[in-house]
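Working notes, structure below.
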Amino acid sequence: MEAKEVMQVTVFGCGYVGLVSGACFADIGHVVQCVDIDAGKVDQLRRGIIPFHEPGLERMLANPDLSFSTIPHIADICIIAVGTPQGQMGAADLSQIFEAAAQIFALEKPPKVIVIKSTVPPGTARKIQVKTGIETISNPEFLRQGSAVADFMQPDRLIIGADTARGFALMEQLYAPLNLPAAQIVETSPTSSELTKYAANVFLTTKLAFVNELALYCETVGADIDEVTKGIGLDPRIGAQFLQAGPGIGGSCFPKDIRALAYQSRENDHPLAIVQAVIKSNDQHQDAMLKKIINICDGDISGQIITIFGATFKANTDDLRNSAASVIIPALQQLGAKIIVVDPMAAEDGKGIFTNVDWQDDPYDAASQAAAVVVLTEWDLFKSLDLEKLAQHMKTPRLVDLRNIYHAEKARKAGFLYDSIGRQ
Ligand code: UGA
């Protein structure tokens with residue numbers, strides 16, 4: 001890495017990636033301006049209010065070297081971190097990327113480089129470079145919600161996709177304060193770097209879809225998925241992480257990115273068969289989860305109360321995007337069920353997203369009228385419940401644990417008719 005030198009950085013987009021990256025770049029010593037077209041959001045950020053939950057981020061906003069605006073300044077490096085939402089047919093919608101590039105092009109003085117942190121299809125950086133005449137580098141982000149600040153500060157790798165030695169040197173200068181060992185820095189072409197981001201997310205999605213399929217197969221043959229994943233996870237070629245069976249793959253990234261890669265591969269006349277199969281597998285898995293809930297209620301949930309434990313797509317986030325709840329709740333309602341939800345963080349946003357849902361705080365009270373309790377998110381709040389007390393609160397104690405957070409035998413001993421994923 002090069003000598004540490006303060007750089008002027010402008011980040012376009014104050015969403016998840018932009019805000020975390022901008023705050024972290026300021027924290028490691030650069031002067032950072034975060035820009036967003038949403039004046040309301042900029043105003044809130046200036047007052048230290050973050051629009052989502054991310055541990056460790058709030059204290060970083062107090063940095064005098066971090067500012068927020070709707071109008072971009074000139075800078076050494078302009079980082080594009082705007083959204084690339086799912087567009088038609090699953091394609092990545094790049095309109096915000098091109099708008100940010102146009103704003104950079106209109107600056108009085110061009111930056112030394114443009115850096116694209118957003119997830120974009122291979123070839124996008126080169127297109128932006130042609131449009132703006134400014135060297136454009138791909139530097140995808142691998143932050144996970146809930147641990148994003150730590151992921152930024154101690155990344156397991158840094159992918160830099162550039163075409164020139166000058167571009168690589170500028171990026172090394174930007175990240176120099178992190179003191180990363182050379183082995184963790186992967187220098188590639190912009191196109192390889194862009195595809196690396198999709199490859200990482202889709203590989204992980206594939207791993208999870210396989211585990212989820214295998215879990216249901218375990219039920220068929222009388223095996224236990226937690227024992228099987230422990231067995232395969234000790235093989236370092238497979239790895240122990242990301243093997244937890246669940247109610248289906250969610251979040252703002254995996255479902256969008258796998259559809260985008262499927263779309264891109266079709267457009268390039270080279271459809272990726274595994275990618276298509278994983279999308280289908282996850283859809284089927286979510287259908288199977290719904291059936292588990294109906295089955296435990298003897299095939300009829302019409303007019304019954306179902307209490308959902310957890311609406312976010314995973315624990316320790318307030319994000320509801322593509323969560324299991326966002327699929328399962330409307331499906332249960334369509335079949336006539338009444339829904340109560342307990343979630344330590346989702347109620348505020350959830351009230352605007354779900355209709356006819358009763359949000360409650362106390363899991364025991366919320367279970368008392370229910371025909372069944374269904375665990376969709378692995379919050380600590382639910383892991384630490386007293387199962388006997390929970391069962392006593394219910395007339396017909398039924399528990400569908402779609403995160404395998406409880407010990408099956410203990411749940412049954414507590415009095416529950418109990419179902420989980422991939423276990424007997
Ligand atoms: C994911 C990637 O993990 C990050 O590396 C990437 O930077 C990010 O997308 C992105 O592209 O921005 P995130 O969406 O925060 O991060 O969520 P994950 O922690 O990866 O979880 C994704 C889904 O997989 C969730 O629904 C989660 O419940 C599920 N999951 C995860 C399981 O069902 N089992 C597991 O063992 C792990």
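Starting from 1 in every chain, residues are counted up; chains themselves are A, B, ... following the order of the structure tokens, and ligands are numbered from 1 as listed.
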Check your understanding: Using only C-alpha atoms and all ligand atoms, what are the residues with an atom within 7 Å of ligand 1, set out as a VMD selection string?
Key -> chain A and resid 141 to 146 201 208 241 to 254 313 to 314 323
Review point. Do you know which residues are at most 9 Å from Ile328 of chain A counting only C-alpha atoms, after dropping those on the same chain fewer than 2 positions away, and could you put them as a PyMOL selection string?
Key: chain A and resi 286-287+289-290+323-326+330-333
**Study point:** Gly310 of chain A environment, 12 Å, only C-alpha atoms, sequence neighbours closer than 2 positions dropped, as JSON, numbers by chain
**Key:** {"A": [247, 307, 308, 312, 313, 314, 315, 316, 317, 318, 319, 320, 323, 324, 325, 326, 328, 329, 340, 341, 342, 343, 344, 345, 346, 347, 350, 359, 360, 361, 363, 373, 374, 375, 376, 377, 378, 379, 380, 381, 382, 383, 401, 402, 403]}
Point to revise | Near-segment 176-180 of chain A list (12 Å; only C-alpha atoms; drop same-chain fewer than 6 positions) as a count of residues only | key: 28
Study note, to complete from the structure: One residue among A:Ala91, A:Ile421, A:Val11, A:Ala337 is nearest to Glu219 of chain A when using only C-alpha atoms, and that residue is A:Ile421
Practice item. Please run DSSP on the backbone and report, as an MDAnalysis selection string, all residues within segment 9-239 of chain A that come out as alpha helix (DSSP H). Key: chainID A and resid 16:27 39:46 95:105 124:132 148:153 165:175 190:221 225:233
Review point. Near Ala277 of chain A, within 12 Å and counting only C-alpha atoms, which residues show up once chain neighbours fewer than 6 positions away are dropped, as a list in words?
Key: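 Contacts, in chain order: Val202, Thr205, Thr206, Ala209, Phe210, Glu213, Ile258, Arg259, Ala262, Pro271, Asp283 and Gln284 of chain A.
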How would the residues just chosen look if you wrote them out with C-alpha atoms as a CSV table (one decimal), in the first residue's frame?
```csv
chain,number,residue,atom,x,y,z
A,202,VAL,CA,-25.0,-15.8,-6.4
A,205,THR,CA,-27.3,-18.0,-2.7
A,206,THR,CA,-26.7,-21.3,-4.5
A,209,ALA,CA,-30.6,-23.0,-1.9
A,210,PHE,CA,-28.8,-26.3,-1.9
A,213,GLU,CA,-33.4,-28.3,-0.7
A,258,ILE,CA,-29.5,-13.6,-8.8
A,259,ARG,CA,-32.3,-12.4,-11.1
A,262,ALA,CA,-30.0,-14.7,-14.9
A,271,PRO,CA,-28.1,-18.6,-20.0
A,283,ASP,CA,-39.5,-20.2,-4.9
A,284,GLN,CA,-40.4,-23.8,-4.4
```
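If you count only C-alpha atoms and ignore residues fewer than 6 places along the chain from segment 160-167 of chain A, what sits within 9 Å of it is Lys112, Val113, Glu135, Thr136, Ile137, Ser138, Asn139, Pro140, Ile185, Val186, Glu187, Thr188, Ser189, Pro190, Thr191, Ser192, Ser193 and Glu194 of chain A.
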Generate a file of the selected residues that holds N, CA, C and O atoms, formatted as an mmCIF file, in the first residue's frame.
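The new file out23.cif reads:
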```
data_model
loop_
_atom_site.group_PDB
_atom_site.id
_atom_site.type_symbol
_atom_site.label_atom_id
_atom_site.label_comp_id
_atom_site.auth_asym_id
_atom_site.auth_seq_id
_atom_site.Cartn_x
_atom_site.Cartn_y
_atom_site.Cartn_z
ATOM 1 N N LYS A 112 -10.213 12.705 -10.391
ATOM 2 C CA LYS A 112 -9.140 11.905 -11.012
ATOM 3 C C LYS A 112 -9.723 10.597 -11.539
ATOM 4 O O LYS A 112 -9.336 10.118 -12.598
ATOM 5 N N VAL A 113 -10.628 10.023 -10.773
ATOM 6 C CA VAL A 113 -11.306 8.787 -11.206
ATOM 7 C C VAL A 113 -12.740 8.759 -10.668
ATOM 8 O O VAL A 113 -13.048 9.401 -9.664
ATOM 9 N N GLU A 135 -11.556 8.208 -16.190
ATOM 10 C CA GLU A 135 -11.249 6.808 -15.866
ATOM 11 C C GLU A 135 -12.231 6.288 -14.813
ATOM 12 O O GLU A 135 -12.429 6.911 -13.770
ATOM 13 N N THR A 136 -12.824 5.132 -15.099
ATOM 14 C CA THR A 136 -13.855 4.594 -14.190
ATOM 15 C C THR A 136 -13.435 3.215 -13.695
ATOM 16 O O THR A 136 -13.102 2.325 -14.487
ATOM 17 N N ILE A 137 -13.454 3.094 -12.370
ATOM 18 C CA ILE A 137 -12.931 1.905 -11.697
ATOM 19 C C ILE A 137 -14.088 1.167 -11.030
ATOM 20 O O ILE A 137 -15.017 1.783 -10.516
ATOM 21 N N SER A 138 -14.011 -0.160 -11.044
ATOM 22 C CA SER A 138 -15.014 -0.948 -10.314
ATOM 23 C C SER A 138 -14.424 -1.369 -8.963
ATOM 24 O O SER A 138 -13.299 -1.873 -8.904
ATOM 25 N N ASN A 139 -15.172 -1.144 -7.899
ATOM 26 C CA ASN A 139 -14.712 -1.510 -6.555
ATOM 27 C C ASN A 139 -15.935 -1.971 -5.758
ATOM 28 O O ASN A 139 -16.468 -1.254 -4.930
ATOM 29 N N PRO A 140 -16.412 -3.190 -6.051
ATOM 30 C CA PRO A 140 -17.667 -3.628 -5.426
ATOM 31 C C PRO A 140 -17.565 -3.752 -3.915
ATOM 32 O O PRO A 140 -16.486 -3.933 -3.372
ATOM 33 N N ILE A 185 -5.652 -7.933 -1.549
ATOM 34 C CA ILE A 185 -6.071 -6.979 -2.569
ATOM 35 C C ILE A 185 -6.025 -7.679 -3.931
ATOM 36 O O ILE A 185 -4.979 -8.169 -4.355
ATOM 37 N N VAL A 186 -7.168 -7.747 -4.578
ATOM 38 C CA VAL A 186 -7.254 -8.441 -5.864
ATOM 39 C C VAL A 186 -7.426 -7.377 -6.952
ATOM 40 O O VAL A 186 -8.426 -6.658 -6.963
ATOM 41 N N GLU A 187 -6.415 -7.274 -7.799
ATOM 42 C CA GLU A 187 -6.481 -6.276 -8.875
ATOM 43 C C GLU A 187 -6.893 -6.975 -10.167
ATOM 44 O O GLU A 187 -6.263 -7.951 -10.580
ATOM 45 N N THR A 188 -7.954 -6.469 -10.773
ATOM 46 C CA THR A 188 -8.504 -7.127 -11.972
ATOM 47 C C THR A 188 -8.878 -6.063 -13.009
ATOM 48 O O THR A 188 -8.712 -4.875 -12.766
ATOM 49 N N SER A 189 -9.447 -6.532 -14.092
ATOM 50 C CA SER A 189 -10.052 -5.595 -15.046
ATOM 51 C C SER A 189 -11.380 -5.121 -14.444
ATOM 52 O O SER A 189 -11.949 -5.812 -13.582
ATOM 53 N N PRO A 190 -11.906 -3.984 -14.877
ATOM 54 C CA PRO A 190 -13.215 -3.551 -14.353
ATOM 55 C C PRO A 190 -14.299 -4.606 -14.581
ATOM 56 O O PRO A 190 -15.141 -4.847 -13.717
ATOM 57 N N THR A 191 -14.261 -5.274 -15.717
ATOM 58 C CA THR A 191 -15.316 -6.238 -16.041
ATOM 59 C C THR A 191 -15.263 -7.451 -15.111
ATOM 60 O O THR A 191 -16.293 -7.921 -14.619
ATOM 61 N N SER A 192 -14.049 -7.954 -14.847
ATOM 62 C CA SER A 192 -13.936 -9.088 -13.913
ATOM 63 C C SER A 192 -14.405 -8.675 -12.531
ATOM 64 O O SER A 192 -15.080 -9.439 -11.829
ATOM 65 N N SER A 193 -14.040 -7.470 -12.140
ATOM 66 C CA SER A 193 -14.435 -6.991 -10.806
ATOM 67 C C SER A 193 -15.958 -6.921 -10.703
ATOM 68 O O SER A 193 -16.540 -7.343 -9.698
ATOM 69 N N GLU A 194 -16.594 -6.404 -11.730
ATOM 70 C CA GLU A 194 -18.064 -6.295 -11.710
ATOM 71 C C GLU A 194 -18.705 -7.677 -11.619
ATOM 72 O O GLU A 194 -19.654 -7.892 -10.855
#
```
Please produce, as a tab-separated table, a per-residue contact table for segment 238-351 of chain A versus segment 122-126 of chain A (criterion: any atom at most 12 Å away, only C-alpha atoms considered), showing the nearest atom pair and its distance in Å to one decimal, sorted by chain then residue number.
```
residue	atom	partner	partner_atom	distance
A:Ala260	CA	A:Pro122	CA	11.1
A:Leu261	CA	A:Pro122	CA	9.8
A:Gln264	CA	A:Pro122	CA	8.9
A:Ser265	CA	A:Pro122	CA	10.6
A:Asn268	CA	A:Pro122	CA	11.0
```
